[in-house]
>>> print(open('query-v1.txt').read())   # compact mmCIF, N, CA and C atoms
# COMPACT_ATOMS: atom_id res chain seq x y z
N MET A 83 117.58 99.64 64.88
CA MET A 83 117.73 100.13 66.24
C MET A 83 119.05 99.64 66.83
N PRO A 84 119.78 100.52 67.51
CA PRO A 84 120.99 100.06 68.19
C PRO A 84 120.62 99.11 69.33
N TRP A 85 121.57 98.26 69.72
CA TRP A 85 121.28 97.29 70.78
C TRP A 85 121.02 97.97 72.10
N TRP A 86 121.55 99.18 72.27
CA TRP A 86 121.33 99.91 73.52
C TRP A 86 121.19 101.39 73.20
N ASP A 87 120.17 101.99 73.75
CA ASP A 87 119.92 103.41 73.55
C ASP A 87 120.14 104.13 74.88
N PRO A 88 121.19 104.98 74.97
CA PRO A 88 121.47 105.64 76.24
C PRO A 88 120.30 106.49 76.74
N ASP A 89 119.49 107.02 75.85
CA ASP A 89 118.34 107.81 76.27
C ASP A 89 117.26 106.95 76.93
N ALA A 90 117.21 105.67 76.56
CA ALA A 90 116.19 104.77 77.12
C ALA A 90 116.56 104.31 78.53
N GLU A 91 117.83 104.37 78.88
CA GLU A 91 118.27 103.91 80.20
C GLU A 91 119.08 105.03 80.86
N ALA A 92 118.39 106.02 81.35
CA ALA A 92 119.04 107.19 81.93
C ALA A 92 119.77 106.87 83.24
N ALA A 93 119.47 105.74 83.87
CA ALA A 93 120.12 105.38 85.13
C ALA A 93 121.56 104.93 84.93
N VAL A 94 121.94 104.62 83.70
CA VAL A 94 123.29 104.16 83.40
C VAL A 94 124.11 105.33 82.88
N SER A 95 125.24 105.61 83.55
CA SER A 95 126.11 106.70 83.12
C SER A 95 127.57 106.30 83.36
N PRO A 96 128.21 105.65 82.39
CA PRO A 96 129.59 105.20 82.57
C PRO A 96 130.55 106.33 82.95
N ASP A 97 130.23 107.55 82.54
CA ASP A 97 131.11 108.68 82.85
C ASP A 97 130.99 109.16 84.29
N THR A 98 129.86 108.88 84.94
CA THR A 98 129.66 109.39 86.31
C THR A 98 129.37 108.30 87.34
N ASP A 99 129.11 107.07 86.90
CA ASP A 99 128.84 105.98 87.84
C ASP A 99 130.08 105.71 88.69
N THR A 100 129.86 105.16 89.89
CA THR A 100 130.96 104.83 90.80
C THR A 100 130.79 103.41 91.31
N VAL A 101 131.87 102.88 91.86
CA VAL A 101 131.86 101.59 92.53
C VAL A 101 132.79 101.73 93.73
N THR A 102 132.43 101.09 94.85
CA THR A 102 133.25 101.16 96.05
C THR A 102 134.23 100.00 96.07
N ILE A 103 135.51 100.34 96.18
CA ILE A 103 136.57 99.34 96.22
C ILE A 103 137.48 99.71 97.39
N GLY A 104 137.65 98.80 98.30
CA GLY A 104 138.51 99.06 99.45
C GLY A 104 138.06 100.24 100.27
N GLY A 105 136.75 100.45 100.33
CA GLY A 105 136.19 101.55 101.11
C GLY A 105 136.28 102.91 100.44
N ARG A 106 136.74 102.95 99.18
CA ARG A 106 136.85 104.22 98.45
C ARG A 106 135.98 104.19 97.21
N GLU A 107 135.39 105.34 96.91
CA GLU A 107 134.58 105.47 95.70
C GLU A 107 135.52 105.59 94.50
N ILE A 108 135.33 104.72 93.52
CA ILE A 108 136.13 104.72 92.31
C ILE A 108 135.22 105.14 91.16
N ALA A 109 135.70 106.11 90.38
CA ALA A 109 134.93 106.64 89.26
C ALA A 109 135.90 106.97 88.13
N ARG A 110 135.36 107.49 87.05
CA ARG A 110 136.21 107.94 85.95
C ARG A 110 137.25 108.91 86.49
N GLY A 111 138.51 108.70 86.10
CA GLY A 111 139.60 109.55 86.55
C GLY A 111 140.35 109.00 87.75
N SER A 112 139.77 108.03 88.45
CA SER A 112 140.46 107.42 89.60
C SER A 112 141.64 106.60 89.11
N ARG A 113 142.65 106.50 89.94
CA ARG A 113 143.81 105.66 89.63
C ARG A 113 143.73 104.40 90.48
N VAL A 114 144.01 103.27 89.84
CA VAL A 114 143.97 101.98 90.52
C VAL A 114 145.20 101.16 90.15
N ARG A 115 145.57 100.24 91.03
CA ARG A 115 146.64 99.27 90.76
C ARG A 115 145.96 97.99 90.27
N LEU A 116 146.47 97.45 89.16
CA LEU A 116 145.89 96.26 88.57
C LEU A 116 146.40 95.00 89.28
N LEU A 117 145.48 94.12 89.62
CA LEU A 117 145.80 92.86 90.29
C LEU A 117 145.07 91.71 89.60
N PRO A 118 145.31 91.50 88.31
CA PRO A 118 144.61 90.43 87.60
C PRO A 118 144.99 89.07 88.15
N GLY A 119 144.13 88.11 87.92
CA GLY A 119 144.42 86.75 88.31
C GLY A 119 143.42 86.17 89.28
N THR A 120 142.64 87.03 89.95
CA THR A 120 141.65 86.50 90.89
C THR A 120 140.50 85.82 90.16
N ARG A 121 140.25 86.19 88.93
CA ARG A 121 139.16 85.60 88.14
C ARG A 121 139.68 84.75 87.00
N ARG A 122 140.77 85.16 86.43
CA ARG A 122 141.28 84.47 85.24
C ARG A 122 142.80 84.46 85.29
N ALA A 123 143.39 83.64 84.49
CA ALA A 123 144.84 83.53 84.46
C ALA A 123 145.32 83.66 83.02
N ASP A 124 145.01 84.78 82.40
CA ASP A 124 145.41 85.06 81.03
C ASP A 124 146.86 85.53 81.04
N ALA A 125 147.68 85.01 80.14
CA ALA A 125 149.10 85.36 80.11
C ALA A 125 149.31 86.86 79.91
N GLN A 126 148.50 87.49 79.08
CA GLN A 126 148.65 88.93 78.85
C GLN A 126 148.31 89.72 80.12
N ASP A 127 147.31 89.27 80.86
CA ASP A 127 146.94 89.95 82.10
C ASP A 127 148.06 89.88 83.13
N MET A 128 148.81 88.80 83.14
CA MET A 128 149.87 88.64 84.12
C MET A 128 150.96 89.71 83.96
N PHE A 129 151.15 90.24 82.75
CA PHE A 129 152.11 91.31 82.53
C PHE A 129 151.66 92.62 83.15
N LEU A 130 150.39 92.70 83.53
CA LEU A 130 149.83 93.94 84.06
C LEU A 130 149.80 93.99 85.58
N ILE A 131 150.20 92.92 86.25
CA ILE A 131 150.17 92.89 87.71
C ILE A 131 151.00 94.05 88.27
N GLY A 132 150.36 94.85 89.12
CA GLY A 132 151.04 95.96 89.77
C GLY A 132 151.07 97.25 88.98
N ARG A 133 150.64 97.23 87.73
CA ARG A 133 150.64 98.45 86.92
C ARG A 133 149.56 99.40 87.41
N ILE A 134 149.81 100.70 87.23
CA ILE A 134 148.84 101.73 87.59
C ILE A 134 148.01 102.04 86.35
N ALA A 135 146.70 102.16 86.54
CA ALA A 135 145.79 102.47 85.44
C ALA A 135 144.82 103.56 85.87
N GLU A 136 144.29 104.28 84.88
CA GLU A 136 143.28 105.30 85.13
C GLU A 136 141.93 104.77 84.67
N VAL A 137 140.94 104.88 85.54
CA VAL A 137 139.60 104.43 85.20
C VAL A 137 139.00 105.39 84.17
N GLN A 138 138.53 104.83 83.07
CA GLN A 138 137.89 105.63 82.02
C GLN A 138 136.37 105.56 82.10
N ALA A 139 135.86 104.47 82.68
CA ALA A 139 134.40 104.31 82.82
C ALA A 139 134.10 103.20 83.81
N VAL A 140 132.99 103.36 84.52
CA VAL A 140 132.44 102.29 85.35
C VAL A 140 131.23 101.77 84.59
N LEU A 141 131.29 100.51 84.21
CA LEU A 141 130.25 99.89 83.40
C LEU A 141 129.55 98.80 84.19
N HIS A 142 128.44 98.30 83.66
CA HIS A 142 127.71 97.19 84.29
C HIS A 142 127.38 96.16 83.23
N ASP A 143 127.55 94.89 83.58
CA ASP A 143 127.21 93.83 82.63
C ASP A 143 125.71 93.56 82.66
N VAL A 144 125.26 92.56 81.90
CA VAL A 144 123.83 92.27 81.81
C VAL A 144 123.24 91.79 83.12
N GLU A 145 124.09 91.34 84.05
CA GLU A 145 123.63 90.92 85.38
C GLU A 145 123.80 92.04 86.39
N ASP A 146 124.05 93.25 85.92
CA ASP A 146 124.21 94.46 86.72
C ASP A 146 125.44 94.41 87.64
N GLN A 147 126.44 93.63 87.26
CA GLN A 147 127.70 93.59 88.01
C GLN A 147 128.63 94.66 87.45
N PRO A 148 129.22 95.47 88.31
CA PRO A 148 130.10 96.54 87.80
C PRO A 148 131.46 96.00 87.35
N TYR A 149 132.02 96.66 86.36
CA TYR A 149 133.39 96.40 85.94
C TYR A 149 133.97 97.71 85.44
N LEU A 150 135.28 97.76 85.31
CA LEU A 150 135.97 99.00 84.99
C LEU A 150 136.64 98.93 83.63
N ALA A 151 136.51 100.01 82.87
CA ALA A 151 137.28 100.20 81.65
C ALA A 151 138.45 101.09 82.06
N VAL A 152 139.68 100.62 81.86
CA VAL A 152 140.85 101.37 82.31
C VAL A 152 141.85 101.55 81.18
N SER A 153 142.71 102.55 81.34
CA SER A 153 143.84 102.76 80.45
C SER A 153 145.10 102.79 81.30
N LEU A 154 146.20 102.29 80.77
CA LEU A 154 147.44 102.25 81.53
C LEU A 154 148.02 103.65 81.68
N ALA A 155 148.47 103.96 82.88
CA ALA A 155 149.07 105.27 83.15
C ALA A 155 150.50 105.28 82.62
N GLY A 156 150.91 106.43 82.11
CA GLY A 156 152.29 106.61 81.71
C GLY A 156 152.68 106.03 80.37
N GLN A 157 151.72 105.61 79.56
CA GLN A 157 152.02 105.06 78.24
C GLN A 157 151.99 106.18 77.22
N PRO A 158 153.01 106.30 76.37
CA PRO A 158 153.08 107.42 75.44
C PRO A 158 151.96 107.45 74.40
N ASP A 159 151.40 106.30 74.05
CA ASP A 159 150.35 106.25 73.02
C ASP A 159 148.96 106.02 73.60
N GLU A 160 148.82 106.12 74.90
CA GLU A 160 147.53 105.79 75.52
C GLU A 160 146.42 106.74 75.09
N ASP A 161 146.76 107.99 74.77
CA ASP A 161 145.75 108.94 74.32
C ASP A 161 145.07 108.48 73.03
N VAL A 162 145.82 107.81 72.17
CA VAL A 162 145.25 107.29 70.92
C VAL A 162 144.27 106.16 71.24
N ARG A 163 144.66 105.27 72.14
CA ARG A 163 143.76 104.17 72.53
C ARG A 163 142.49 104.70 73.18
N ILE A 164 142.63 105.70 74.03
CA ILE A 164 141.45 106.30 74.67
C ILE A 164 140.53 106.91 73.62
N ALA A 165 141.10 107.64 72.68
CA ALA A 165 140.30 108.28 71.63
C ALA A 165 139.52 107.25 70.81
N HIS A 166 140.08 106.05 70.67
CA HIS A 166 139.41 105.00 69.90
C HIS A 166 138.58 104.07 70.77
N GLY A 167 138.51 104.34 72.07
CA GLY A 167 137.72 103.51 72.96
C GLY A 167 138.32 102.14 73.21
N ARG A 168 139.63 102.03 73.12
CA ARG A 168 140.33 100.75 73.34
C ARG A 168 140.82 100.69 74.78
N PHE A 169 140.11 99.97 75.62
CA PHE A 169 140.43 99.91 77.04
C PHE A 169 140.73 98.49 77.47
N LEU A 170 141.27 98.37 78.66
CA LEU A 170 141.41 97.09 79.34
C LEU A 170 140.25 97.02 80.34
N TYR A 171 139.74 95.82 80.59
CA TYR A 171 138.57 95.68 81.44
C TYR A 171 138.88 94.78 82.63
N PHE A 172 138.49 95.26 83.82
CA PHE A 172 138.74 94.51 85.05
C PHE A 172 137.53 94.61 85.97
N MET A 173 137.31 93.54 86.72
CA MET A 173 136.27 93.53 87.75
C MET A 173 136.82 94.24 88.98
N PRO A 174 135.95 94.75 89.86
CA PRO A 174 136.42 95.48 91.03
C PRO A 174 137.38 94.70 91.93
N ASP A 175 137.24 93.37 92.00
CA ASP A 175 138.16 92.61 92.84
C ASP A 175 139.51 92.35 92.19
N GLU A 176 139.72 92.89 91.00
CA GLU A 176 140.99 92.75 90.30
C GLU A 176 141.81 94.04 90.32
N VAL A 177 141.37 95.00 91.11
CA VAL A 177 142.10 96.27 91.24
C VAL A 177 142.07 96.72 92.69
N GLU A 178 142.96 97.64 93.03
CA GLU A 178 142.92 98.29 94.34
C GLU A 178 143.16 99.77 94.14
N PRO A 179 142.52 100.62 94.94
CA PRO A 179 142.73 102.06 94.82
C PRO A 179 144.18 102.42 95.10
N CYS A 180 144.68 103.42 94.42
CA CYS A 180 146.04 103.89 94.64
C CYS A 180 146.03 105.06 95.60
N GLU A 181 147.07 105.13 96.40
CA GLU A 181 147.29 106.29 97.26
C GLU A 181 147.98 107.36 96.44
N ALA A 182 147.82 108.62 96.80
CA ALA A 182 148.43 109.73 96.07
C ALA A 182 149.94 109.57 95.98
N SER A 183 150.56 109.05 97.03
CA SER A 183 152.03 108.90 97.03
C SER A 183 152.50 107.89 96.00
N GLU A 184 151.62 106.95 95.59
CA GLU A 184 151.99 105.94 94.61
C GLU A 184 151.93 106.47 93.19
N LEU A 185 151.28 107.61 92.99
CA LEU A 185 151.02 108.10 91.64
C LEU A 185 152.13 108.96 91.06
N GLU A 186 153.09 109.37 91.85
CA GLU A 186 154.15 110.22 91.37
C GLU A 186 154.93 109.47 90.29
N GLY A 187 155.14 110.14 89.16
CA GLY A 187 155.91 109.56 88.08
C GLY A 187 155.17 108.59 87.19
N THR A 188 153.83 108.51 87.32
CA THR A 188 153.09 107.59 86.46
C THR A 188 152.46 108.27 85.26
N GLY A 189 152.72 109.55 85.08
CA GLY A 189 152.21 110.25 83.90
C GLY A 189 150.95 110.91 84.18
>>> encode(input="query-v1.txt", output="structure tokens")
Amino acid sequence: MPWWDPDAEAAVSPDTDTVTIGGREIARGSRVRLLPGTRRADAQDMFLIGRIAEVQAVLHDVEDQPYLAVSLAGQPDEDVRIAHGRFLYFMPDEVEPCEASELEGTG
């Protein structure tokens, strides 16, 4: 048996679930600015401060806390990473919603 059966937990839908961040509903396809560091201080995460990312899924951990699977906007090989399910993961307090004017030129 797989560790998780999507048919057994119909209430969970990473493709359609949402989380409210800064008063806005964030879901798959939303664009967010990455602000890592509020929870951890990983050197690789620090290179991502201020980068724009696209939310690929809203997930929940075993304690039912939401987190986001994101891909970086404007990266030439990001489609390959998405196809293989290789995402970056951030908690809602580590991102902020982007305004439409901020998205120009991000791919």
>>> residues_around(input="query-v1.txt", residues="Glu181 in chain A", least_positions_apart="6", cutoff="8 Å", atoms="only N, CA and C atoms", output="mmCIF file with N, CA and C atoms, keeping the file's coordinate frame")
data_model
loop_
_atom_site.group_PDB
_atom_site.id
_atom_site.type_symbol
_atom_site.label_atom_id
_atom_site.label_comp_id
_atom_site.auth_asym_id
_atom_site.auth_seq_id
_atom_site.Cartn_x
_atom_site.Cartn_y
_atom_site.Cartn_z
ATOM 1 N N ARG A 113 142.650 106.500 89.940
ATOM 2 C CA ARG A 113 143.810 105.660 89.630
ATOM 3 C C ARG A 113 143.730 104.400 90.480
ATOM 4 N N VAL A 114 144.010 103.270 89.840
ATOM 5 C CA VAL A 114 143.970 101.980 90.520
ATOM 6 C C VAL A 114 145.200 101.160 90.150
ATOM 7 N N ARG A 115 145.570 100.240 91.030
ATOM 8 C CA ARG A 115 146.640 99.270 90.760
ATOM 9 C C ARG A 115 145.960 97.990 90.270
#
>>> residues_near_point(input="query-v1.txt", point="(135.5, 112.2, 86.8)", cutoff="7 Å", atoms="all atoms listed in the file", output="list in words")
Asp97, Thr98, Ala109, Arg110, Gly111 and Ser112 of chain A
>>> closest_residue(input="query-v1.txt", among="A:Val162, A:Ala139, A:Leu116, A:Ile134", to="Ser95 in chain A", atoms="only N, CA and C atoms")
A:Ala139
>>> select_by_dssp(input="query-v1.txt", residues="range 114-168 of chain A", states="strand (DSSP E)", output="ChimeraX atom specification")
/A:114-116,134-142,148-154
>>> atom_distance(input="query-v1.txt", atom1="CA of His166 in chain A", atom2="CA of Tyr149 in chain A")
19.2 Å
>>> closest_residue(input="query-v1.txt", among="A:Glu145, A:Glu107, A:Glu160, A:Asp127", to="Pro179 in chain A", atoms="only C-alpha atoms")
A:Glu107
>>> residues_around(input="query-v1.txt", residues="Ala151 in chain A", least_positions_apart="5", cutoff="10 Å", atoms="only C-alpha atoms", output="MDAnalysis selection string")
chainID A and resid 96 110 135:141 167:173
>>> atom_distance(input="query-v1.txt", atom1="CA of Pro158 in chain A", atom2="atom C of Thr102 in chain A")
28.9 Å
>>> atom_distance(input="query-v1.txt", atom1="atom C of Ala155 in chain A", atom2="CA of Asp143 in chain A")
26.0 Å
